[in-house]
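Asks: Could you have a look at this structure, given as structure tokens, before my questions?
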Amino acid sequence: MLEPGVIPKKEPDISVGIILPEDNYTSIDVIVPQDRDYQIEFMGRTIQLGSGAELLFKLKGSSITILIDGQEKKSESPIKIYPVVDSPEPDPSVDLILKNVISGRSFHWKKYLNVRLPGTLVVKPFNNQLIAINELPIETYFMCVATSEMGAECPPALIEAQTIIARSWMLANVEQKHRSLGIDVCNDDCCQRYQGSTHLTEHSINGALKTYGQVLLHNDAICDARYSKSCGGMMEAFENVWPGE
């Protein structure tokens, strides 16, 4: 996990909460893509997953039942699903599909989406619910945030600026809202909107690559560069929108 205000010496991996305890999920449905080999790891075992396999996780007491193409397994520990070989380039078509993920928690426009997730998916119990966590490199995360927060049709310079701001807020890491879950951030407006690689575009990939590692600094500290994606075309001082400096 990230340390508040610390610029990492190398690109870190982060943990993003995709399904949280307040979502009240006791079952989770995952689909393996057709053109990439994945494996599932639990209780000291590793099982190769077939192309297009569908996985259903159900909470039963303190354990998780895993249904893999009709075959039932059981785990008393967290479960990881990850590619056998990492892809050298971002490619949504070969990322895992997690079904029925909430977008807009507590908003009137709350909806459910199927999202594609790069990296590793972790499923585990927490307070009588199932939670799902996406572990991935931080720059891949920023590629996805750019077109989860904004439209892919935005000009490249705007996406680059948005990516620098998202990176600065993330590495400043002052809020730590979800530390108790062992995650850096969640996937929704509470933190930054992240819908995996579902909307990934060449623009958002380039926005991260061209600004790789760049953050906003003030007095030698990383800025808490939080933002509103609905500004109405107006600017306003930070303290008039959010408490604090």
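Please note that chains go A, B, ... in the order of the structure tokens, that every chain numbers its residues from 1, and that ligands are numbered from 1 in the order shown.
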Quick one: residues within 7 Å of segment 24-35 of chain A, only C-alpha atoms counted, chain neighbours fewer than 3 positions away excluded, as a list in words?

Replies: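 In the requested format, the answer is Pro21, Ser51, Gly52, Ala53, Glu54, Leu55, Leu56, Phe57, Lys58, Leu59, Val94, Asp95, Leu96, Ile97, Leu98, Lys99, Gln129 and Leu130 of chain A.
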
Asks: Could you give me, as number ranges by chain, the residues within 12 Å of Val174 of chain A, counting only C-alpha atoms and dropping anything in the same chain fewer than 3 positions from it?

Replies: A: 2-6, 168-171, 177-179, 184-185, 191, 221-226, 244-245

Asks: Excluding same-chain residues fewer than 3 positions from Asp13 of chain A, what lies within 9 Å of it counting only C-alpha atoms, as a list of chain:residue names?

Replies: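 That gives A:Met1, A:Leu2, A:Glu135, A:Leu136, A:Pro137, A:Ile138, A:Glu139.
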
Asks: Pull all heavy atoms from the residues just selected and write them as a PDB file, in the first residue's frame.

Replies:
ATOM      1  N   MET A   1       0.836  -1.198   0.000  1.00  0.00           N
ATOM      2  CA  MET A   1       0.000   0.000   0.000  1.00  0.00           C
ATOM      3  C   MET A   1       0.874   1.253   0.000  1.00  0.00           C
ATOM      4  O   MET A   1       2.038   1.210   0.411  1.00  0.00           O
ATOM      5  CB  MET A   1      -0.927   0.005   1.214  1.00  0.00           C
ATOM      6  CG  MET A   1      -1.969  -1.124   1.180  1.00  0.00           C
ATOM      7  SD  MET A   1      -3.056  -1.092   2.616  1.00  0.00           S
ATOM      8  CE  MET A   1      -4.004   0.385   2.278  1.00  0.00           C
ATOM      9  N   LEU A   2       0.285   2.361  -0.437  1.00  0.00           N
ATOM     10  CA  LEU A   2       1.024   3.613  -0.524  1.00  0.00           C
ATOM     11  C   LEU A   2       1.235   4.217   0.858  1.00  0.00           C
ATOM     12  O   LEU A   2       0.429   4.024   1.770  1.00  0.00           O
ATOM     13  CB  LEU A   2       0.259   4.612  -1.389  1.00  0.00           C
ATOM     14  CG  LEU A   2       0.037   4.209  -2.848  1.00  0.00           C
ATOM     15  CD1 LEU A   2      -0.836   5.256  -3.543  1.00  0.00           C
ATOM     16  CD2 LEU A   2       1.361   4.060  -3.582  1.00  0.00           C
ATOM     17  N   GLU A 135      -5.705  -5.561  -7.799  1.00  0.00           N
ATOM     18  CA  GLU A 135      -4.310  -5.184  -7.586  1.00  0.00           C
ATOM     19  C   GLU A 135      -3.651  -4.984  -8.948  1.00  0.00           C
ATOM     20  O   GLU A 135      -3.695  -5.886  -9.793  1.00  0.00           O
ATOM     21  CB  GLU A 135      -3.581  -6.271  -6.797  1.00  0.00           C
ATOM     22  CG  GLU A 135      -4.162  -6.487  -5.393  1.00  0.00           C
ATOM     23  CD  GLU A 135      -3.505  -7.642  -4.654  1.00  0.00           C
ATOM     24  OE1 GLU A 135      -2.769  -8.431  -5.303  1.00  0.00           O
ATOM     25  OE2 GLU A 135      -3.734  -7.768  -3.436  1.00  0.00           O
ATOM     26  N   LEU A 136      -3.049  -3.803  -9.163  1.00  0.00           N
ATOM     27  CA  LEU A 136      -2.478  -3.496 -10.476  1.00  0.00           C
ATOM     28  C   LEU A 136      -1.431  -2.401 -10.353  1.00  0.00           C
ATOM     29  O   LEU A 136      -1.396  -1.665  -9.355  1.00  0.00           O
ATOM     30  CB  LEU A 136      -3.578  -3.069 -11.447  1.00  0.00           C
ATOM     31  CG  LEU A 136      -4.206  -1.672 -11.281  1.00  0.00           C
ATOM     32  CD1 LEU A 136      -4.941  -1.298 -12.570  1.00  0.00           C
ATOM     33  CD2 LEU A 136      -5.160  -1.597 -10.101  1.00  0.00           C
ATOM     34  N   PRO A 137      -0.565  -2.246 -11.382  1.00  0.00           N
ATOM     35  CA  PRO A 137       0.426  -1.168 -11.372  1.00  0.00           C
ATOM     36  C   PRO A 137      -0.267   0.195 -11.380  1.00  0.00           C
ATOM     37  O   PRO A 137      -1.288   0.374 -12.048  1.00  0.00           O
ATOM     38  CB  PRO A 137       1.226  -1.394 -12.664  1.00  0.00           C
ATOM     39  CG  PRO A 137       0.997  -2.837 -13.003  1.00  0.00           C
ATOM     40  CD  PRO A 137      -0.395  -3.144 -12.540  1.00  0.00           C
ATOM     41  N   ILE A 138       0.299   1.151 -10.661  1.00  0.00           N
ATOM     42  CA  ILE A 138      -0.372   2.437 -10.481  1.00  0.00           C
ATOM     43  C   ILE A 138      -0.556   3.194 -11.798  1.00  0.00           C
ATOM     44  O   ILE A 138      -1.566   3.855 -12.003  1.00  0.00           O
ATOM     45  CB  ILE A 138       0.397   3.297  -9.446  1.00  0.00           C
ATOM     46  CG1 ILE A 138      -0.499   4.430  -8.938  1.00  0.00           C
ATOM     47  CG2 ILE A 138       1.708   3.822 -10.011  1.00  0.00           C
ATOM     48  CD1 ILE A 138       0.057   5.163  -7.727  1.00  0.00           C
ATOM     49  N   GLU A 139       0.393   3.101 -12.733  1.00  0.00           N
ATOM     50  CA  GLU A 139       0.244   3.834 -13.987  1.00  0.00           C
ATOM     51  C   GLU A 139      -0.844   3.227 -14.872  1.00  0.00           C
ATOM     52  O   GLU A 139      -1.511   3.936 -15.627  1.00  0.00           O
ATOM     53  CB  GLU A 139       1.582   3.920 -14.731  1.00  0.00           C
ATOM     54  CG  GLU A 139       2.634   4.780 -14.031  1.00  0.00           C
ATOM     55  CD  GLU A 139       2.291   6.269 -13.985  1.00  0.00           C
ATOM     56  OE1 GLU A 139       1.493   6.727 -14.814  1.00  0.00           O
ATOM     57  OE2 GLU A 139       2.838   6.976 -13.110  1.00  0.00           O
TER      58      GLU A 139
END

Asks: Running DSSP on the backbone, which parts of segment 48-98 of chain A land in strand (DSSP E), as a list in words?

Replies: Gln48, Leu49, Glu54, Leu55, Leu56, Phe57, Lys58, Leu59, Lys60, Ser63, Ile64, Thr65, Ile66, Leu67, Ile68, Gln71, Glu72, Lys73, Lys74, Ser75, Ile79, Lys80, Ile81, Tyr82, Pro83, Leu96, Ile97 and Leu98 of chain A

Asks: Generate a file of the selected residues that holds C-alpha atoms, formatted as a CSV table (one decimal), in the first residue's frame.

Replies:
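So again.csv came out as:
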chain,number,residue,atom,x,y,z
A,48,GLN,CA,-5.4,-23.3,-14.5
A,49,LEU,CA,-8.6,-21.7,-15.8
A,54,GLU,CA,-17.2,-18.5,-15.6
A,55,LEU,CA,-16.5,-18.4,-11.9
A,56,LEU,CA,-19.2,-17.9,-9.2
A,57,PHE,CA,-18.1,-17.1,-5.7
A,58,LYS,CA,-20.6,-17.5,-2.8
A,59,LEU,CA,-20.2,-16.8,0.8
A,60,LYS,CA,-21.1,-19.6,3.1
A,63,SER,CA,-15.8,-19.8,3.8
A,64,ILE,CA,-16.2,-19.2,0.1
A,65,THR,CA,-17.6,-21.7,-2.3
A,66,ILE,CA,-16.2,-21.4,-5.8
A,67,LEU,CA,-18.1,-22.8,-8.8
A,68,ILE,CA,-15.8,-23.2,-11.8
A,71,GLN,CA,-17.3,-27.8,-10.4
A,72,GLU,CA,-17.4,-26.8,-6.8
A,73,LYS,CA,-14.4,-25.8,-4.7
A,74,LYS,CA,-14.1,-24.4,-1.2
A,75,SER,CA,-11.7,-21.9,0.3
A,79,ILE,CA,-8.7,-16.1,-3.5
A,80,LYS,CA,-6.6,-14.6,-6.2
A,81,ILE,CA,-7.2,-14.7,-10.0
A,82,TYR,CA,-4.4,-13.5,-12.3
A,83,PRO,CA,-2.9,-14.0,-15.7
A,96,LEU,CA,-11.1,-10.4,-16.5
A,97,ILE,CA,-14.8,-9.4,-16.5
A,98,LEU,CA,-16.4,-8.7,-13.1

Asks: Which residues, written as a PyMOL selection string, have at least one atom at most 10 Å from Ile47 of chain A, with only C-alpha atoms counted and residues fewer than 4 positions away on the same chain left out?

Replies: chain A and resi 38-42+81

Asks: Go ahead and write the residues just picked, N, CA, C and O atoms, as a compact mmCIF listing (two decimals), in the first residue's frame.

Replies:
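Saved as part-v7.txt:
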# COMPACT_ATOMS: atom_id res chain seq x y z
N TYR A 38 -5.45 -17.71 -17.57
CA TYR A 38 -5.51 -17.25 -16.17
C TYR A 38 -5.38 -18.45 -15.24
O TYR A 38 -5.59 -19.61 -15.63
N GLN A 39 -5.08 -18.14 -13.99
CA GLN A 39 -5.06 -19.17 -12.95
C GLN A 39 -5.68 -18.61 -11.68
O GLN A 39 -5.69 -17.40 -11.46
N ILE A 40 -6.19 -19.51 -10.86
CA ILE A 40 -6.81 -19.14 -9.59
C ILE A 40 -6.02 -19.79 -8.46
O ILE A 40 -5.60 -20.95 -8.56
N GLU A 41 -5.80 -19.02 -7.40
CA GLU A 41 -4.95 -19.48 -6.29
C GLU A 41 -5.72 -19.35 -4.98
O GLU A 41 -6.25 -18.28 -4.66
N PHE A 42 -5.78 -20.44 -4.21
CA PHE A 42 -6.43 -20.42 -2.90
C PHE A 42 -6.00 -21.63 -2.10
O PHE A 42 -5.72 -22.69 -2.67
N ILE A 81 -7.08 -14.33 -8.58
CA ILE A 81 -7.16 -14.72 -9.99
C ILE A 81 -6.26 -13.78 -10.76
O ILE A 81 -6.39 -12.56 -10.65

Asks: Taking into account only C-alpha atoms, which residue in the set A:Pro78, A:Gly207, A:Pro118, A:Gly17 is nearest to Ser180 of chain A?

Replies: A:Gly17

Asks: Set the distance at 10 Å and use only C-alpha atoms: which residues neighbour segment 239-243 of chain A once local chain neighbours fewer than 3 positions away are removed? I'd like the list as a VMD selection string.

Replies: chain A and resid 226 to 228 236
